[in-house]
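Participant: Mind having a look at this structure? Questions to follow.
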Amino acid sequence: MNNTVLASWNDGALKQTLLDFVARVTKEGGPDFVRPAERIATFDNDGTLWCEQPMQSQLYFANDRLKGLADKDPTLKDRQPYKAFLEHDLKTIATLGKQAAFEIAFATHAGVTEDEFMGAARDWLASARHPKLGRLYTQCVYQPQIELLDFLRANGFKNYIVSGGGIDLMRAFAEEVYGIPPEQVIGSSVKTRFEMREGRAELFKLSELGTFDDRDVKPQNIGLHIGRRPILAFGNSDGDLSMLRYVKTGKGQRLALLLHHDDAQREFAYDREFRLSPLVEALDKAGEYGIEVVSMQRDWNRVFAD
């Protein structure tokens, strides 16, 4: 087995599956050859490429924004659901459900231009630290996944992010951290309004949700924005299941992967009890659906870069 490729992946059946799949689809003249233009890989972000516990980074970013709004309007501190965010009341936030929690997060950014949002997001990412791990959020990315993205790219794949997270927050760091440019990031978004301000054309964020990129919406957005059915997909929750099945049930060689967080020592151990993004059906029926389950504990010899 090649020990210089995917070095943070333990030698074993799962790593060999990855190596064999890429070898088959890139062998010119072979029965499973896929031309480079069709070598599309899609990755969820939260919980697949970087840490999503105790809650998704998007919500922490929104919470910091909400603090500023609460300074201007102190009544927010006593009004739910804003009160729960300001007090880091994870139990109450979890009862909202993922989409509702994210809608509140997106609403905190209304009224700013896309350029202003990008500046604020990059400033936050440069200084904010994960509440449990104590490191910058961009240092909470998974080293084995960085290696996989690089490996796929080196073999002619085009990698996309297809995530329920906010598209603009991901675009603020995805190219630098993952090597994935903004145009290859698909995520949840709010509606915008076009305006001319002092001779400059601007897009202003509104408080109204445009699309929530989760569950069945993921393959719909893949069709809308990519226009090709990927041959590889990687997720970690039931929110990714539709994407995984969309990829797996296409013609030819296909690989669908599911990351199981089962490593409480090096990261977190959770699945069906995480109400903001549960893993139930995808885990229980992975074998039936032909999905490969990646165990963080078994298949990765390290989690983070350091």
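How things are named: the first chain in the structure tokens is A, the next is B, and so on; residues count from 1 in each chain; ligands count from 1 in the order shown.
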Identify, on the basis of only C-alpha atoms, every residue whose closest approach to region 244-258 of chain A does not exceed 9 Å; exclude the query and any residue fewer than 4 positions from it along the same chain; express the result as a PyMOL selection string.
Facilitator: chain A and resi 17-18+21+24-25+32-34+48+219+229-237+240+282-283+286+289-295
Participant: Give the alpha helix (DSSP H) residues of region 29-192 of chain A, as DSSP finds them on the backbone, and put them as a PyMOL selection string.
Facilitator: chain A and resi 57-72+82-86+90-96+98-107+114-127+143-154+167-171+174-178
Participant: Figure out the distance between CA of Val217 (chain A) and CA of Lys158 (chain A), please, to one decimal in Å.
Facilitator: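 Straight-line distance from CA of Lys158 (chain A) to CA of Val217 (chain A) works out to 20.7 Å.
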Participant: DSSP on the backbone: which residues in region 12-258 of chain A end up as strand (DSSP E or B)? Give the answer as a PyMOL selection string.
Facilitator: chain A and resi 40-43+46+50+113+129+136+141+158-166+185-197+200-211+232-235+255-258
Participant: Would you please work out which residue, of A:Trp124, A:Tyr178, A:Trp50, A:Phe43, is nearest to Phe268 (chain A) when using only C-alpha atoms?
Facilitator: A:Trp50
Participant: Please indicate the distance in Å from CA of Gly97 (chain A) to CA of Met55 (chain A), rounded to one decimal place.
Facilitator: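 Straight-line distance from CA of Gly97 (chain A) to CA of Met55 (chain A) works out to 11.6 Å.
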Participant: Restrict the calculation to only C-alpha atoms, then for each residue of region 75-168 of chain A with any atom at most 6 Å from an atom of region 181-191 of chain A give the closest atom pair and their distance in Å to one decimal, rows by chain and rising residue number, as JSON lines.
Facilitator:
{"residue": "A:Tyr160", "atom": "CA", "partner": "A:Gln184", "partner_atom": "CA", "distance": 4.9}
{"residue": "A:Ile161", "atom": "CA", "partner": "A:Val185", "partner_atom": "CA", "distance": 4.8}
{"residue": "A:Val162", "atom": "CA", "partner": "A:Ile186", "partner_atom": "CA", "distance": 4.8}
{"residue": "A:Ser163", "atom": "CA", "partner": "A:Gly187", "partner_atom": "CA", "distance": 4.9}
{"residue": "A:Gly164", "atom": "CA", "partner": "A:Ser188", "partner_atom": "CA", "distance": 5.4}
{"residue": "A:Gly165", "atom": "CA", "partner": "A:Gly187", "partner_atom": "CA", "distance": 5.6}
{"residue": "A:Gly166", "atom": "CA", "partner": "A:Ser188", "partner_atom": "CA", "distance": 4.8}
{"residue": "A:Ile167", "atom": "CA", "partner": "A:Gly187", "partner_atom": "CA", "distance": 4.3}
Participant: May I have the residues from that selection written out with C-alpha atoms, as a CSV table (one decimal), in the first residue's frame?
Facilitator:
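The resulting file, again_23.csv, is shown below:
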chain,number,residue,atom,x,y,z
A,160,TYR,CA,-16.9,21.3,-4.7
A,161,ILE,CA,-18.3,22.2,-1.3
A,162,VAL,CA,-22.0,21.5,-1.0
A,163,SER,CA,-23.0,22.5,2.5
A,164,GLY,CA,-25.9,23.8,4.6
A,165,GLY,CA,-23.5,26.4,5.9
A,166,GLY,CA,-23.7,30.0,4.7
A,167,ILE,CA,-22.2,30.3,1.3
Participant: Got a sec: who's within 8 Å of Ala172 (chain A), counting only C-alpha atoms, leaving out chain neighbours fewer than 3 positions off, as a PyMOL selection string?
Facilitator: chain A and resi 118+121-122+168-169+175
Participant: Need to verify the contact set: Thr108 (chain A), 9 Å, only C-alpha atoms, exclusion of same-chain residues closer than 6 positions in sequence. Can you return it as a short mmCIF file (atom, residue, chain, number, x, y, z; two decimals) with C-alpha atoms, in the first residue's frame?
Facilitator:
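Result went into part_11.cif, see below:
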data_model
loop_
_atom_site.label_atom_id
_atom_site.label_comp_id
_atom_site.auth_asym_id
_atom_site.auth_seq_id
_atom_site.Cartn_x
_atom_site.Cartn_y
_atom_site.Cartn_z
CA ALA A 62 -23.76 34.97 13.97
CA ASN A 63 -23.69 35.08 17.75
CA ARG A 65 -22.70 39.63 15.23
CA LEU A 66 -25.76 39.43 17.46
CA LEU A 69 -26.97 44.23 17.57
CA SER A 207 -33.15 39.00 6.11
#
Participant: Just the residues within 9 Å of Gly111 (chain A), please, counting only C-alpha atoms, with nothing from its chain fewer than 6 positions along; format it as JSON, numbers by chain.
Facilitator: {"A": [204, 205, 206, 207]}
Participant: Determine, counting only C-alpha atoms, which protein, DNA and RNA residues have an atom within 12 Å of an atom of Arg153 (chain A); residues of the same chain fewer than 4 positions away are not included. Present the result as an MDAnalysis selection string.
Facilitator: chainID A and resid 22 26 36 39:41 146:149 157:160 178:180
Participant: Go ahead and dump the residues you just picked, C-alpha atoms, as a CSV table (one decimal), in the first residue's frame.
Facilitator:
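The file below, selection-v1.csv, is the result:
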chain,number,residue,atom,x,y,z
A,22,VAL,CA,-9.1,6.9,-8.1
A,26,THR,CA,-8.1,7.8,-14.0
A,36,PRO,CA,-11.3,14.8,-16.3
A,39,ARG,CA,-14.4,13.9,-12.3
A,40,ILE,CA,-16.5,15.9,-9.9
A,41,ALA,CA,-16.3,15.4,-6.2
A,146,ILE,CA,-7.1,18.2,3.2
A,147,GLU,CA,-5.0,15.4,2.0
A,148,LEU,CA,-7.9,13.8,0.2
A,149,LEU,CA,-8.8,17.1,-1.5
A,157,PHE,CA,-10.8,16.0,-10.0
A,158,LYS,CA,-12.7,19.2,-9.5
A,159,ASN,CA,-13.7,19.6,-5.8
A,160,TYR,CA,-16.9,21.3,-4.7
A,178,TYR,CA,-9.2,23.9,1.1
A,179,GLY,CA,-7.9,25.0,-2.3
A,180,ILE,CA,-11.5,25.4,-3.4
Participant: List the neighbours of Ala101 (chain A) out to 12 Å using only C-alpha atoms; skip same-chain residues closer than 3 positions along the sequence, and give me the result as a compact mmCIF listing (two decimals) with C-alpha atoms, in the first residue's frame.
Facilitator:
# COMPACT_ATOMS: atom_id res chain seq x y z
CA MET A 55 -22.68 23.71 17.16
CA GLN A 56 -21.80 24.83 13.65
CA GLN A 58 -21.83 29.68 11.32
CA LEU A 59 -23.87 30.01 14.51
CA TYR A 60 -20.88 31.21 16.55
CA ALA A 62 -23.76 34.97 13.97
CA ASN A 63 -23.69 35.08 17.75
CA GLN A 80 -36.13 34.32 22.33
CA PRO A 81 -34.51 32.93 20.29
CA TYR A 82 -31.95 35.75 20.47
CA ALA A 84 -30.57 31.62 23.69
CA PHE A 85 -27.86 32.62 21.23
CA LEU A 90 -27.29 25.08 23.24
CA LYS A 91 -30.26 23.08 24.50
CA THR A 92 -32.73 25.76 23.44
CA ILE A 93 -30.93 26.38 20.14
CA ALA A 94 -31.09 22.65 19.35
CA THR A 95 -34.87 22.67 19.77
CA LEU A 96 -35.14 25.16 16.92
CA GLY A 97 -33.88 22.68 14.37
CA LYS A 98 -31.06 23.30 11.93
CA ILE A 104 -31.76 33.41 12.66
CA ALA A 105 -28.03 33.39 12.02
CA PHE A 106 -28.46 34.69 8.50
CA ALA A 107 -30.89 37.40 9.66
CA THR A 108 -28.14 38.97 11.78
CA GLY A 164 -25.88 23.76 4.60
CA GLY A 165 -23.53 26.41 5.94
CA GLY A 166 -23.69 29.99 4.73
CA LEU A 209 -33.74 33.12 3.27
CA PHE A 212 -31.29 26.31 2.63
CA ARG A 275 -30.31 17.53 16.96
CA LEU A 276 -28.88 20.30 14.79
CA SER A 277 -27.58 17.74 12.29
Participant: Quick check, in Å to one decimal: how far apart do CA of Pro54 (chain A) and CA of His88 (chain A) lie?
Facilitator: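 Those two atoms sit 10.2 Å apart.
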Participant: Using only C-alpha atoms, can you tell me which of A:Leu133, A:Ala7, A:Leu14, A:Ala201 comes closest to Asp115 (chain A)?
Facilitator: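 So, comparing all the options, the nearest one is A:Ala201.
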